[in-house]
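Okay, entry09.txt is below, compact mmCIF, C-alpha atoms and all ligand atoms:
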# COMPACT_ATOMS: atom_id res chain seq x y z
CA MET A 17 44.14 -2.80 4.22
CA SER A 18 46.59 -0.29 5.67
CA ALA A 19 50.13 -1.38 6.44
CA THR A 20 49.51 -0.88 10.17
CA SER A 21 46.29 -2.94 10.47
CA PRO A 22 46.79 -6.35 12.07
CA LEU A 23 46.35 -9.27 9.71
CA ILE A 24 43.08 -11.11 10.22
CA THR A 25 43.52 -14.87 10.07
CA LEU A 26 41.19 -17.80 10.44
CA ASP A 27 42.53 -18.12 14.00
CA THR A 28 41.55 -14.52 14.74
CA CYS A 29 38.01 -15.36 13.63
CA LEU A 30 37.87 -18.55 15.68
CA GLU A 31 39.06 -16.67 18.75
CA LEU A 32 36.34 -14.04 18.25
CA ASP A 33 33.77 -16.84 18.03
CA ARG A 34 35.02 -18.36 21.29
CA ASN A 35 34.44 -15.00 22.99
CA ASP A 36 31.06 -14.39 21.34
CA PRO A 37 28.52 -13.49 24.08
CA LEU A 38 25.75 -14.97 21.89
CA ARG A 39 27.45 -18.25 20.91
CA GLU A 40 24.80 -20.30 22.76
CA ILE A 41 22.04 -18.50 20.89
CA ARG A 42 23.38 -19.68 17.52
CA GLY A 43 22.51 -23.23 18.61
CA ARG A 44 18.82 -22.28 18.78
CA PHE A 45 18.67 -21.84 15.00
CA SER A 46 18.43 -24.45 12.29
CA LEU A 47 21.16 -23.44 9.88
CA PRO A 48 21.55 -24.81 6.32
CA GLN A 49 22.41 -28.50 6.46
CA SER A 50 24.55 -28.10 3.36
CA GLY A 51 26.94 -25.76 5.17
CA ALA A 52 25.88 -22.95 2.80
CA LEU A 53 26.58 -19.39 3.89
CA HIS A 54 23.45 -17.27 4.07
CA PHE A 55 24.46 -13.64 4.51
CA ASP A 56 20.97 -12.36 3.90
CA ALA A 57 19.64 -11.43 7.34
CA ASN A 58 18.68 -8.09 5.73
CA SER A 59 16.20 -10.04 3.62
CA ILE A 60 15.25 -13.20 5.51
CA GLY A 61 16.64 -14.18 8.87
CA ALA A 62 17.35 -17.82 9.81
CA MET A 63 14.82 -20.35 11.10
CA PRO A 64 14.56 -21.01 14.85
CA LYS A 65 15.12 -24.72 15.48
CA ASP A 66 11.78 -25.29 17.19
CA ALA A 67 9.68 -23.59 14.47
CA PRO A 68 8.70 -26.72 12.46
CA GLU A 69 7.69 -28.65 15.59
CA ARG A 70 5.74 -25.76 17.06
CA VAL A 71 3.87 -25.22 13.80
CA ARG A 72 3.10 -28.94 13.59
CA THR A 73 1.75 -28.89 17.15
CA LEU A 74 -0.38 -25.87 16.35
CA MET A 75 -1.78 -27.58 13.27
CA GLU A 76 -2.53 -30.89 14.93
CA ASP A 77 -3.35 -30.03 18.55
CA GLY A 78 -4.79 -26.61 17.79
CA TRP A 79 -6.38 -26.54 14.37
CA ARG A 80 -7.30 -30.23 13.98
CA GLU A 81 -8.24 -31.12 17.57
CA LEU A 82 -9.42 -27.91 19.18
CA SER A 83 -10.66 -26.13 16.08
CA ARG A 84 -12.60 -22.99 17.14
CA ARG A 85 -11.87 -23.74 20.79
CA GLY A 86 -8.29 -22.81 19.90
CA TRP A 87 -9.26 -19.13 20.00
CA ALA A 88 -10.18 -19.43 23.66
CA GLU A 89 -7.91 -22.18 24.93
CA LEU A 90 -4.65 -21.31 23.21
CA ASP A 91 -2.74 -18.04 23.12
CA TRP A 92 -3.57 -17.28 19.47
CA LEU A 93 -5.21 -13.93 20.12
CA ASP A 94 -2.70 -12.68 22.64
CA LYS A 95 0.36 -13.20 20.45
CA PRO A 96 0.45 -9.69 18.88
CA ARG A 97 0.90 -8.30 22.40
CA THR A 98 3.21 -10.94 23.89
CA MET A 99 5.49 -10.99 20.85
CA GLY A 100 5.72 -7.20 20.93
CA ALA A 101 6.64 -7.39 24.61
CA GLY A 102 9.36 -9.96 23.84
CA LEU A 103 10.95 -7.75 21.20
CA ALA A 104 10.58 -4.33 22.83
CA HIS A 105 13.95 -4.23 24.63
CA ILE A 106 15.96 -4.59 21.42
CA ILE A 107 14.54 -1.33 20.08
CA GLY A 108 14.76 0.49 23.40
CA ALA A 109 11.01 0.36 24.09
CA ASP A 110 8.82 -0.67 27.00
CA PRO A 111 6.90 -3.95 26.58
CA ASP A 112 3.48 -2.25 26.51
CA ASP A 113 4.42 0.03 23.64
CA VAL A 114 5.00 -2.56 20.91
CA VAL A 115 2.57 -4.70 18.93
CA VAL A 116 3.18 -7.21 16.13
CA CYS A 117 0.58 -7.28 13.36
CA ASP A 118 -0.10 -6.81 9.62
CA ASN A 119 2.91 -6.07 7.38
CA THR A 120 5.39 -3.22 7.31
CA THR A 121 3.66 -1.34 4.51
CA VAL A 122 0.25 -1.47 6.19
CA ASN A 123 1.81 -0.42 9.50
CA LEU A 124 3.63 2.48 7.85
CA PHE A 125 0.32 3.68 6.45
CA LYS A 126 -1.40 3.30 9.80
CA MET A 127 1.28 5.26 11.65
CA LEU A 128 1.81 7.95 9.02
CA SER A 129 -1.90 8.65 8.78
CA TYR A 130 -2.23 8.59 12.59
CA ALA A 131 0.69 10.99 12.93
CA TRP A 132 -0.83 13.26 10.28
CA ARG A 133 -4.16 13.25 12.07
CA ASN A 134 -2.47 14.15 15.38
CA ARG A 135 0.10 16.63 14.05
CA THR A 136 0.57 19.76 16.05
CA SER A 137 1.99 21.93 13.29
CA GLY A 138 2.51 22.14 9.55
CA ASN A 139 1.23 20.32 6.49
CA THR A 140 4.39 18.70 5.15
CA ILE A 141 5.67 15.16 5.43
CA LEU A 142 9.46 15.37 5.21
CA THR A 143 11.13 12.21 4.03
CA GLU A 144 14.21 11.09 2.09
CA ALA A 145 14.41 11.02 -1.70
CA HIS A 146 16.03 7.56 -1.63
CA ASN A 147 13.74 6.04 0.94
CA PHE A 148 12.64 2.44 0.35
CA PRO A 149 9.96 2.53 -2.40
CA THR A 150 7.10 1.32 -0.20
CA ASP A 151 7.71 4.13 2.30
CA ILE A 152 7.41 6.71 -0.46
CA PHE A 153 4.36 5.04 -2.04
CA VAL A 154 2.60 5.01 1.33
CA ALA A 155 3.18 8.76 1.71
CA GLU A 156 2.08 9.45 -1.88
CA GLY A 157 -1.00 7.28 -1.42
CA LEU A 158 -1.94 9.16 1.73
CA GLN A 159 -1.37 12.46 -0.07
CA ASP A 160 -3.65 11.33 -2.88
CA PHE A 161 -6.33 10.15 -0.46
CA LEU A 162 -6.25 13.36 1.57
CA GLY A 163 -6.33 15.38 -1.65
CA SER A 164 -9.52 13.60 -2.68
CA ALA A 165 -11.00 14.68 0.67
CA GLY A 166 -9.91 18.30 0.13
CA GLN A 167 -6.90 18.28 2.49
CA GLU A 168 -3.54 19.38 1.21
CA MET A 169 -0.59 17.28 2.39
CA LYS A 170 2.80 18.31 0.99
CA LEU A 171 5.63 15.85 0.53
CA ASP A 172 9.20 17.08 0.77
CA LEU A 173 12.17 14.89 -0.19
CA ALA A 174 15.60 15.44 1.37
CA GLU A 175 18.93 13.96 0.28
CA THR A 176 21.35 14.27 3.20
CA PRO A 177 21.27 14.84 6.97
CA GLU A 178 22.20 18.48 6.38
CA ASP A 179 19.38 18.72 3.88
CA VAL A 180 16.89 17.28 6.39
CA MET A 181 18.02 19.80 8.98
CA ALA A 182 17.69 22.63 6.47
CA ARG A 183 14.20 21.58 5.38
CA LEU A 184 12.77 21.06 8.87
CA GLY A 185 10.61 24.06 9.69
CA ASP A 186 7.27 25.40 10.82
CA ASP A 187 5.50 23.61 8.01
CA THR A 188 6.92 20.17 8.88
CA ALA A 189 4.16 18.00 10.31
CA VAL A 190 5.99 14.65 10.28
CA LEU A 191 9.59 13.60 9.77
CA TYR A 192 9.37 10.14 8.18
CA LEU A 193 12.68 8.32 7.69
CA THR A 194 14.13 4.85 7.30
CA HIS A 195 16.82 4.57 9.95
CA THR A 196 19.20 2.47 7.83
CA ASP A 197 19.43 2.98 4.07
CA TYR A 198 18.57 -0.34 2.39
CA ARG A 199 21.29 0.09 -0.24
CA TYR A 200 24.43 1.38 1.48
CA SER A 201 23.57 0.76 5.13
CA ARG A 202 24.08 4.39 6.07
CA LYS A 203 22.25 5.17 9.31
CA TRP A 204 20.63 8.48 10.18
CA ASP A 205 21.40 10.00 13.58
CA MET A 206 18.10 9.10 15.25
CA ALA A 207 18.62 11.14 18.41
CA ALA A 208 19.73 14.33 16.67
CA LEU A 209 17.05 14.24 13.96
CA THR A 210 14.24 13.36 16.37
CA LYS A 211 15.25 16.29 18.56
CA ALA A 212 15.52 18.67 15.62
CA ALA A 213 12.06 17.61 14.41
CA HIS A 214 10.54 18.04 17.85
CA ASP A 215 12.14 21.47 18.12
CA VAL A 216 10.01 22.63 15.17
CA GLY A 217 6.89 20.89 16.50
CA ALA A 218 6.99 17.90 14.12
CA LEU A 219 6.30 14.25 14.94
CA VAL A 220 8.79 11.53 13.94
CA ILE A 221 8.30 8.07 12.43
CA TRP A 222 11.23 5.67 12.00
CA ASP A 223 11.21 2.66 9.70
CA LEU A 224 13.58 0.29 11.51
CA SER A 225 13.47 -2.54 8.97
CA HIS A 226 17.24 -2.62 8.41
CA SER A 227 18.14 -1.83 12.03
CA ALA A 228 15.91 -3.77 14.44
CA GLY A 229 17.66 -6.94 15.59
CA ALA A 230 21.07 -5.79 14.40
CA VAL A 231 22.16 -2.35 15.63
CA GLU A 232 21.45 -0.19 18.65
CA VAL A 233 18.06 1.48 18.62
CA ASP A 234 16.91 3.51 21.59
CA LEU A 235 13.41 4.73 20.76
CA LYS A 236 12.58 5.77 24.31
CA GLY A 237 15.95 7.44 24.86
CA CYS A 238 15.53 9.37 21.60
CA ASP A 239 11.94 10.23 22.48
CA ALA A 240 10.75 9.02 19.06
CA ASP A 241 7.02 9.14 18.40
CA PHE A 242 6.41 6.09 16.22
CA ALA A 243 8.37 3.25 14.61
CA VAL A 244 7.72 0.29 12.36
CA ALA A 245 9.94 -2.68 11.45
CA CYS A 246 9.86 -5.72 9.18
CA GLY A 247 9.63 -8.99 11.11
CA TYR A 248 11.25 -11.33 8.60
CA LYS A 249 14.69 -9.72 8.34
CA TYR A 250 17.02 -9.54 11.37
CA LEU A 251 14.17 -10.38 13.73
CA CYS A 252 13.95 -13.88 12.16
CA GLY A 253 10.15 -13.91 12.10
CA GLY A 254 9.95 -16.18 9.04
CA PRO A 255 9.11 -15.52 5.38
CA GLY A 256 6.40 -12.85 5.14
CA SER A 257 6.00 -12.61 8.92
CA PRO A 258 3.97 -9.79 10.48
CA ALA A 259 5.65 -6.51 11.36
CA MET A 260 6.22 -4.47 14.47
CA ILE A 261 4.76 -1.11 15.55
CA TYR A 262 6.04 1.12 18.34
CA MET A 263 4.05 4.08 19.65
CA HIS A 264 5.26 6.40 22.39
CA PRO A 265 2.84 6.34 25.34
CA ARG A 266 2.19 10.09 24.99
CA HIS A 267 0.24 9.30 21.80
CA ARG A 268 -2.09 6.89 23.49
CA ALA A 269 -5.71 7.56 22.69
CA SER A 270 -4.88 10.74 20.78
CA SER A 271 -7.49 9.82 18.21
CA TRP A 272 -9.02 6.77 16.61
CA PRO A 273 -6.50 4.51 14.92
CA THR A 274 -6.77 4.88 11.14
CA ILE A 275 -8.07 1.33 10.78
CA GLY A 276 -10.63 0.89 13.51
CA GLY A 277 -10.73 -2.90 13.53
CA TRP A 278 -12.33 -5.11 16.14
CA PHE A 279 -8.95 -6.37 17.38
CA GLY A 280 -8.03 -2.80 18.27
CA GLN A 281 -11.01 -2.65 20.62
CA ALA A 282 -10.16 -2.33 24.30
CA ASP A 283 -12.17 -5.51 24.91
CA PHE A 284 -12.56 -7.15 21.55
CA MET A 285 -14.43 -10.15 22.90
CA ALA A 286 -17.21 -7.92 24.23
CA PHE A 287 -18.61 -7.60 20.67
CA LYS A 288 -19.71 -4.06 21.44
CA HIS A 289 -21.06 -2.09 18.50
CA ARG A 290 -19.58 1.15 19.75
CA TYR A 291 -15.92 1.45 18.80
CA ASP A 292 -13.78 1.87 21.88
CA PRO A 293 -10.10 1.46 20.92
CA ALA A 294 -7.45 0.13 23.27
CA PRO A 295 -5.72 3.27 24.50
CA ASN A 296 -2.18 2.07 23.78
CA VAL A 297 -0.41 0.69 20.71
CA GLN A 298 -2.73 -2.34 20.79
CA GLY A 299 -5.37 -0.04 19.31
CA HIS A 300 -3.44 -0.23 16.04
CA ASN A 301 -3.95 -3.96 15.84
CA THR A 302 -6.62 -4.48 13.19
CA GLY A 303 -8.30 -7.84 12.64
CA THR A 304 -7.73 -11.53 13.30
CA PRO A 305 -4.01 -12.18 13.77
CA SER A 306 -2.12 -14.51 11.39
CA VAL A 307 -2.04 -17.37 13.86
CA ILE A 308 0.36 -19.64 11.98
CA ALA A 309 2.75 -16.85 11.02
CA ASN A 310 2.67 -15.65 14.62
CA GLU A 311 3.55 -19.11 15.93
CA ILE A 312 6.66 -19.03 13.76
CA PHE A 313 7.58 -15.47 14.74
CA SER A 314 7.06 -16.25 18.42
CA CYS A 315 9.80 -18.91 18.19
CA ALA A 316 12.09 -16.00 17.36
CA SER A 317 10.60 -13.57 19.89
CA ASP A 318 11.17 -16.22 22.57
CA ILE A 319 14.84 -16.26 21.56
CA TRP A 320 15.00 -12.47 21.59
CA ARG A 321 13.68 -12.43 25.17
CA ASP A 322 16.96 -14.12 26.15
CA VAL A 323 19.20 -11.70 24.24
CA LYS A 324 20.53 -8.57 25.90
CA ALA A 325 20.54 -5.57 23.54
CA VAL A 326 24.09 -4.77 24.61
CA ASP A 327 25.29 -8.24 23.49
CA MET A 328 23.43 -7.92 20.20
CA VAL A 329 25.20 -4.64 19.46
CA ALA A 330 28.65 -5.87 20.55
CA LYS A 331 28.35 -8.97 18.36
CA HIS A 332 27.05 -7.09 15.34
CA LYS A 333 29.83 -4.54 15.64
CA SER A 334 32.41 -7.29 15.80
CA LEU A 335 30.97 -9.05 12.72
CA SER A 336 30.81 -5.79 10.78
CA GLN A 337 34.32 -4.69 11.59
CA THR A 338 35.70 -8.14 10.86
CA VAL A 339 34.06 -8.43 7.46
CA ILE A 340 35.07 -4.92 6.42
CA ALA A 341 38.68 -5.64 7.42
CA LEU A 342 38.60 -8.97 5.56
CA LEU A 343 37.13 -7.41 2.41
CA ASP A 344 39.91 -4.80 2.46
CA GLN A 345 42.61 -7.32 3.26
CA GLU A 346 41.62 -10.11 0.87
CA CYS A 347 39.77 -8.35 -1.96
CA GLY A 348 40.84 -4.69 -1.78
CA ASP A 349 43.23 -5.18 -4.69
CA LEU A 350 40.63 -7.03 -6.72
CA GLY A 351 38.20 -4.17 -7.34
CA VAL A 352 36.12 -4.64 -4.18
CA GLU A 353 35.28 -1.40 -2.40
CA VAL A 354 33.36 -1.17 0.85
CA ILE A 355 30.62 1.43 0.34
CA SER A 356 28.93 1.23 3.75
CA PRO A 357 30.09 3.71 6.37
CA ARG A 358 33.34 2.59 7.96
CA ASP A 359 32.47 4.40 11.16
CA TYR A 360 30.37 1.75 12.94
CA ASP A 361 28.21 4.43 14.60
CA GLN A 362 26.91 5.34 11.16
CA GLN A 363 26.35 1.80 9.91
CA GLY A 364 23.13 -0.21 9.84
CA GLY A 365 22.52 -3.95 9.70
CA HIS A 366 24.34 -4.90 6.51
CA VAL A 367 27.72 -4.24 4.95
CA ALA A 368 27.66 -3.24 1.28
CA PHE A 369 30.52 -3.31 -1.17
CA SER A 370 30.84 -2.59 -4.86
CA HIS A 371 32.53 -4.37 -7.74
CA ALA A 372 32.03 -3.87 -11.48
CA GLY A 373 30.86 -7.49 -11.82
CA ALA A 374 28.63 -7.48 -8.71
CA GLY A 375 25.54 -9.04 -10.33
CA SER A 376 27.39 -11.99 -11.87
CA ILE A 377 29.50 -12.39 -8.74
CA SER A 378 26.35 -12.82 -6.66
CA GLU A 379 25.20 -15.57 -9.06
CA ALA A 380 28.58 -17.30 -8.95
CA LEU A 381 28.60 -17.12 -5.14
CA PHE A 382 25.09 -18.56 -5.02
CA ALA A 383 26.20 -21.48 -7.21
CA ARG A 384 28.90 -22.20 -4.62
CA GLY A 385 26.52 -21.96 -1.66
CA MET A 386 26.82 -18.37 -0.50
CA ILE A 387 23.87 -16.00 -0.53
CA CYS A 388 24.19 -12.24 -0.48
CA SER A 389 22.01 -9.70 -2.27
CA PHE A 390 22.72 -7.66 -5.36
CA ARG A 391 21.49 -4.12 -5.86
CA LYS A 392 21.84 -2.31 -9.16
CA PRO A 393 24.11 -1.05 -10.50
CA ASP A 394 27.10 -2.66 -8.83
CA SER A 395 26.68 -3.39 -5.15
CA LEU A 396 26.41 -6.50 -3.01
CA ARG A 397 25.03 -6.59 0.52
CA LEU A 398 25.95 -8.92 3.36
CA GLY A 399 23.19 -8.97 5.98
CA LEU A 400 24.88 -9.86 9.28
CA SER A 401 22.89 -11.39 12.11
CA PRO A 402 24.28 -11.12 15.62
CA LEU A 403 22.16 -14.12 16.60
CA TYR A 404 23.60 -16.81 14.36
CA HIS A 405 26.48 -15.66 12.19
CA SER A 406 30.02 -16.55 13.18
CA HIS A 407 33.30 -14.83 12.37
CA GLU A 408 34.55 -18.09 10.91
CA GLU A 409 31.72 -17.95 8.35
CA LEU A 410 32.85 -14.46 7.39
CA TRP A 411 36.32 -15.84 6.82
CA ARG A 412 34.95 -18.59 4.56
CA GLY A 413 32.66 -16.19 2.71
CA VAL A 414 35.37 -13.67 1.91
CA ALA A 415 37.74 -16.48 0.85
CA LEU A 416 35.10 -17.69 -1.61
CA LEU A 417 34.53 -14.19 -2.92
CA LYS A 418 38.26 -13.76 -3.43
CA GLU A 419 38.49 -17.03 -5.32
CA ILE A 420 35.58 -16.19 -7.62
CA ILE A 421 37.04 -12.81 -8.48
CA GLU A 422 40.66 -13.99 -8.81
CA THR A 423 39.76 -16.91 -11.07
CA GLU A 424 37.24 -14.76 -12.98
CA THR A 425 34.67 -17.52 -12.54
CA TRP A 426 31.97 -14.85 -12.44
CA ARG A 427 32.59 -14.05 -16.12
CA ASP A 428 31.20 -17.43 -17.14
CA PRO A 429 28.07 -16.82 -19.29
CA GLN A 430 26.02 -19.03 -16.97
CA PHE A 431 26.22 -16.20 -14.39
CA SER A 432 25.13 -13.40 -16.72
CA LYS A 433 21.42 -13.66 -15.86
CA VAL A 434 21.20 -11.91 -12.53
CA ALA A 435 18.42 -12.30 -9.94
CA ILE A 436 17.61 -9.33 -7.74
C1 LIG B 501 13.05 -0.29 4.63
C2 LIG B 501 11.88 -1.14 4.26
N1 LIG B 501 10.65 -0.71 4.57
C3 LIG B 501 9.56 -1.43 4.24
C4 LIG B 501 9.67 -2.64 3.56
C5 LIG B 501 8.42 -3.36 3.12
O1 LIG B 501 8.02 -4.35 3.98
P1 LIG B 501 6.70 -5.21 3.71
O2 LIG B 501 6.89 -5.89 2.40
O3 LIG B 501 6.65 -6.16 4.88
O4 LIG B 501 5.54 -4.33 3.66
C6 LIG B 501 10.94 -3.14 3.26
C7 LIG B 501 11.08 -4.44 2.57
O5 LIG B 501 12.15 -4.91 2.27
C8 LIG B 501 12.07 -2.36 3.60
O6 LIG B 501 13.31 -2.77 3.29
Mind turning the file's structure into C-alpha cells?
Amino acid sequence: MSATSPLITLDTCLELDRNDPLREIRGRFSLPQSGALHFDANSIGAMPKDAPERVRTLMEDGWRELSRRGWAELDWLDKPRTMGAGLAHIIGADPDDVVVCDNTTVNLFKMLSYAWRNRTSGNTILTEAHNFPTDIFVAEGLQDFLGSAGQEMKLDLAETPEDVMARLGDDTAVLYLTHTDYRYSRKWDMAALTKAAHDVGALVIWDLSHSAGAVEVDLKGCDADFAVACGYKYLCGGPGSPAMIYMHPRHRASSWPTIGGWFGQADFMAFKHRYDPAPNVQGHNTGTPSVIANEIFSCASDIWRDVKAVDMVAKHKSLSQTVIALLDQECGDLGVEVISPRDYDQQGGHVAFSHAGAGSISEALFARGMICSFRKPDSLRLGLSPLYHSHEELWRGVALLKEIIETETWRDPQFSKVAI
C-alpha cells in the first residue's frame, strides 16, 4: 500500500456495508451457517433462501400430485423465457432477447454454429489463445465437423487486444471471446472490439460467464450479436444450472437454429411436423427444460428482477477496490501480489493474486472455513458477489490469509495435496 493511501480498518468496512445499496438483498440468501467465507462466486454462487422450499413444493405439489398435469397447470415450460426476461437487464439486454436453457458449452456451440451459418464475410473464427478450454474445444469441434462436410473453417488465436485488432480483417467471420479472463480477471473492451469486428463485417459472440451478475455489461449498447453465460456462477442459479443465451433481434429468423428441437418451435404444443422455429432467441431453446434446475434458478432470477444493474456495478466495484487495497495493505509485504487489473474498468468478476505457496494456502484457508479457488501455477481467485458479500467479510478473509502466511501454517504437510 502506498504511503498516501488511507488505512482500511474494520470500521471502514462496516461503514461501507451500512451504505451498501444491496444490503437488503443479502438477506434473501442462505449463507453458510458455520460463518464460513465463500469467496467463490466465480465458481458457484450462493443459495437463495427460498430455494429448498420451492423445490420441495415443486416435488410434492407438482410432481407427486399433479404429475403430467404439471406441464399444463404450472409454469414449467415457460421458465426458459421468464427467467431470461428476469435476467436481461443485468447484461444490458431487452427481456425478449434472452433465454435460459441447456449448459454454457452447448449454448456456445449453438451460437457459434449459428453465427457461422449467418456470417456475411470471411471464413475465420478469431478467438483468444488463452480462452477457457470449452470455448476452444467448441470451435475446434465445429471446425472438425465442417471439415467432414467439405467446408473450411479457419481458427485464429490472438493473445492481446492489440493482437485481436491486428488480426481482424476481411477473412474474419466471427470474433469469439470470453469477456473476462477466467484466470486473471482481465476484461476485454467489449464496445471497442465489437465495433472493430463489425467494421470488417464480422459477427461477435461474447462468453459472459465471468462477467454476468458482477460487472457492467451492455450488450445492446455495444451492439453485440450473441452472448452466452454460465448460470451457476455470479447469477446464483445453483450447481449445474442451465445457461443463458442472448441474441440481438437483427438475427431473428436468419436461419434455422443449429439444433432444431421441438421447444424451439414457434408453437411447440401444436405438434406440427413441419419445423417452424420461434423467430427470436426462443428458437434456440431445444428440448424439455430442466424443470427442477429451473425452479432453483428462478429463485435467483426473481432476486435479480429486484436488482438495478447500476447498484450491482457500484457494489462490485466497492468490493473489488476494498479487497485489492486490503491485500496490498495487509499482505503486500508477505509475497502476495494482486495480478488482476487494478483499473476497475478492466477488471471482471473476481480478484486474483499470486503467492509462491498459493495451492497450499488455498488448502489451509479451506481448513479454516474460507473458500477461494487455486489456479496453477501460483494464483488464487476471490469471486466477489455484489448480491451477498459484505466488506466486513473481506476484512475477515484477508486477516485470515495474513495469519496463514505469517505463521507459515500453509507449509504444514497436510496442505500439500492441492485440490483444483
Ligand atoms: C468462461 C467459461 N466458459 C464456459 C464454461 C463452461 O460452462 P459449462 O460447464 O456450463 O458448459 C466455463 C466454466 O467454468 C467458463 O468459465
Open item on the list: Using all atoms listed in the file, which protein or nucleic acid residues come within 7 Å of Leu193 (chain A)? Drop anything in the same chain fewer than 4 positions from it, and give the result as a PyMOL selection string.
Closed with: chain A and resi 143-144+221-223
Could you give me, as JSON lines, every region 188-300 of chain A residue with an atom at most 7 Å from region 58-70 of chain A, plus its closest atom pair and distance in Å to one decimal, counting only C-alpha atoms, rows ordered by chain then number?
{"residue": "A:His226", "atom": "CA", "partner": "A:Asn58", "partner_atom": "CA", "distance": 6.3}
{"residue": "A:Tyr248", "atom": "CA", "partner": "A:Ile60", "partner_atom": "CA", "distance": 5.4}
{"residue": "A:Lys249", "atom": "CA", "partner": "A:Ile60", "partner_atom": "CA", "distance": 4.5}
{"residue": "A:Tyr250", "atom": "CA", "partner": "A:Gly61", "partner_atom": "CA", "distance": 5.3}
{"residue": "A:Leu251", "atom": "CA", "partner": "A:Gly61", "partner_atom": "CA", "distance": 6.6}
{"residue": "A:Cys252", "atom": "CA", "partner": "A:Gly61", "partner_atom": "CA", "distance": 4.3}
{"residue": "A:Gly254", "atom": "CA", "partner": "A:Met63", "partner_atom": "CA", "distance": 6.7}
{"residue": "A:Pro255", "atom": "CA", "partner": "A:Ile60", "partner_atom": "CA", "distance": 6.6}
Long-range neighbours of region 196-210 of chain A as a PDB file with C-alpha atoms, in the coordinates of the input, 7 Å cut-off, only C-alpha atoms, 4 positions minimum in chain:
ATOM      1  CA  PHE A 148      12.640   2.440   0.350  1.00  0.00           C
ATOM      2  CA  HIS A 214      10.540  18.040  17.850  1.00  0.00           C
ATOM      3  CA  VAL A 220       8.790  11.530  13.940  1.00  0.00           C
ATOM      4  CA  HIS A 226      17.240  -2.620   8.410  1.00  0.00           C
ATOM      5  CA  SER A 227      18.140  -1.830  12.030  1.00  0.00           C
ATOM      6  CA  CYS A 238      15.530   9.370  21.600  1.00  0.00           C
ATOM      7  CA  ALA A 240      10.750   9.020  19.060  1.00  0.00           C
ATOM      8  CA  ILE A 355      30.620   1.430   0.340  1.00  0.00           C
ATOM      9  CA  SER A 356      28.930   1.230   3.750  1.00  0.00           C
ATOM     10  CA  PRO A 357      30.090   3.710   6.370  1.00  0.00           C
ATOM     11  CA  GLN A 362      26.910   5.340  11.160  1.00  0.00           C
ATOM     12  CA  GLN A 363      26.350   1.800   9.910  1.00  0.00           C
ATOM     13  CA  GLY A 364      23.130  -0.210   9.840  1.00  0.00           C
ATOM     14  CA  GLY A 365      22.520  -3.950   9.700  1.00  0.00           C
ATOM     15  CA  HIS A 366      24.340  -4.900   6.510  1.00  0.00           C
ATOM     16  CA  VAL A 367      27.720  -4.240   4.950  1.00  0.00           C
ATOM     17  CA  ALA A 368      27.660  -3.240   1.280  1.00  0.00           C
TER      18      ALA A 368
END
Open item on the list: Show me which residues line ligand LIG 501 (chain B), defined as having an atom within 6 Å of a ligand atom where only C-alpha atoms and all ligand atoms count, and present them as a PyMOL selection string.
Closed with: chain A and resi 119-121+148+150+194+198+225+246
- [ ] Point out the residue among A:Cys315, A:Ala174, A:Ala52, A:Met99 with the least atom-to-atom distance to Pro111 (chain A), counting all atoms listed in the file.
- [x]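 When distances to Pro111 (chain A) are compared using all atoms listed in the file, the smallest one comes from A:Met99.
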Give me the residues of region 275-327 of chain A that have any atom at most 10 Å from an atom of region 125-131 of chain A; for each, the nearest atom pair and the distance in Å, rounded to one decimal. Use only C-alpha atoms, sort by chain and number, and format it as JSON lines.
{"residue": "A:Ile275", "atom": "CA", "partner": "A:Lys126", "partner_atom": "CA", "distance": 7.0}
{"residue": "A:His300", "atom": "CA", "partner": "A:Lys126", "partner_atom": "CA", "distance": 7.5}
{"residue": "A:Asn301", "atom": "CA", "partner": "A:Lys126", "partner_atom": "CA", "distance": 9.8}
{"residue": "A:Thr302", "atom": "CA", "partner": "A:Lys126", "partner_atom": "CA", "distance": 10.0}
Open item on the list: Ranking A:Pro305, A:Pro429, A:Gly163, A:Gly229 by minimum distance to Ser257 (chain A) and counting all atoms listed in the file, which one comes first?
Closed with: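 Distance minimum relative to Ser257 (chain A) lands on A:Pro305.
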- [ ] Tell me which of A:Asn296, A:Ser378, A:Ser137, A:Ser334 sits closest to Pro37 (chain A), counting only C-alpha atoms.
- [x]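 Of the candidates, the smallest distance to Pro37 (chain A) is held by A:Ser334.
Take CA of Arg290 (chain A) and CA of Gly276 (chain A): the distance between them is 10.9 Å.
Among the candidates A:Gly303, A:Pro273, A:Gly157, A:Gly253, the residue lying nearest to Ala57 (chain A) is A:Gly253 (atoms considered: all atoms listed in the file).
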Task: Between CA of Asp27 (chain A) and CA of Cys347 (chain A), distance in Å (one decimal) - done: 18.9 Å
- [ ] May I ask for the distance between CA of Ala294 (chain A) and CA of Ala101 (chain A), given in Å to one decimal place?
- [x]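 Interatomic distance, CA of Ala294 (chain A) to CA of Ala101 (chain A): 16.0 Å.
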Task: For Ala330 (chain A), the nearest of the candidates A:Val116, A:Ala435, A:Ala230, A:Val180, counting only C-alpha atoms - done: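 Of the candidates, the smallest distance to Ala330 (chain A) is held by A:Ala230.
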- [ ] Quick one: everything within 12 Å of Ala372 (chain A), counting all atoms listed in the file, minus sequence neighbours fewer than 4 positions away in the same chain. Send it as number ranges by chain.
- [x] A: 350-353, 376-378, 390-396, 421, 426-427
Task: Who sits within 12 Å of Gly217 (chain A), all atoms listed in the file, same chain under 4 positions skipped, as a ChimeraX atom specification - done: /A:134-140,184-191,210-213,241
TODO: Extract, using only C-alpha atoms, all DNA, RNA and protein residues at most 10 Å from Gly51 (chain A), discarding same-chain residues fewer than 3 positions from it, and format them as a list in words.
DONE: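 What passes the distance filter is Leu47, Pro48, His54, Gly385, Met386 and Glu409 of chain A.
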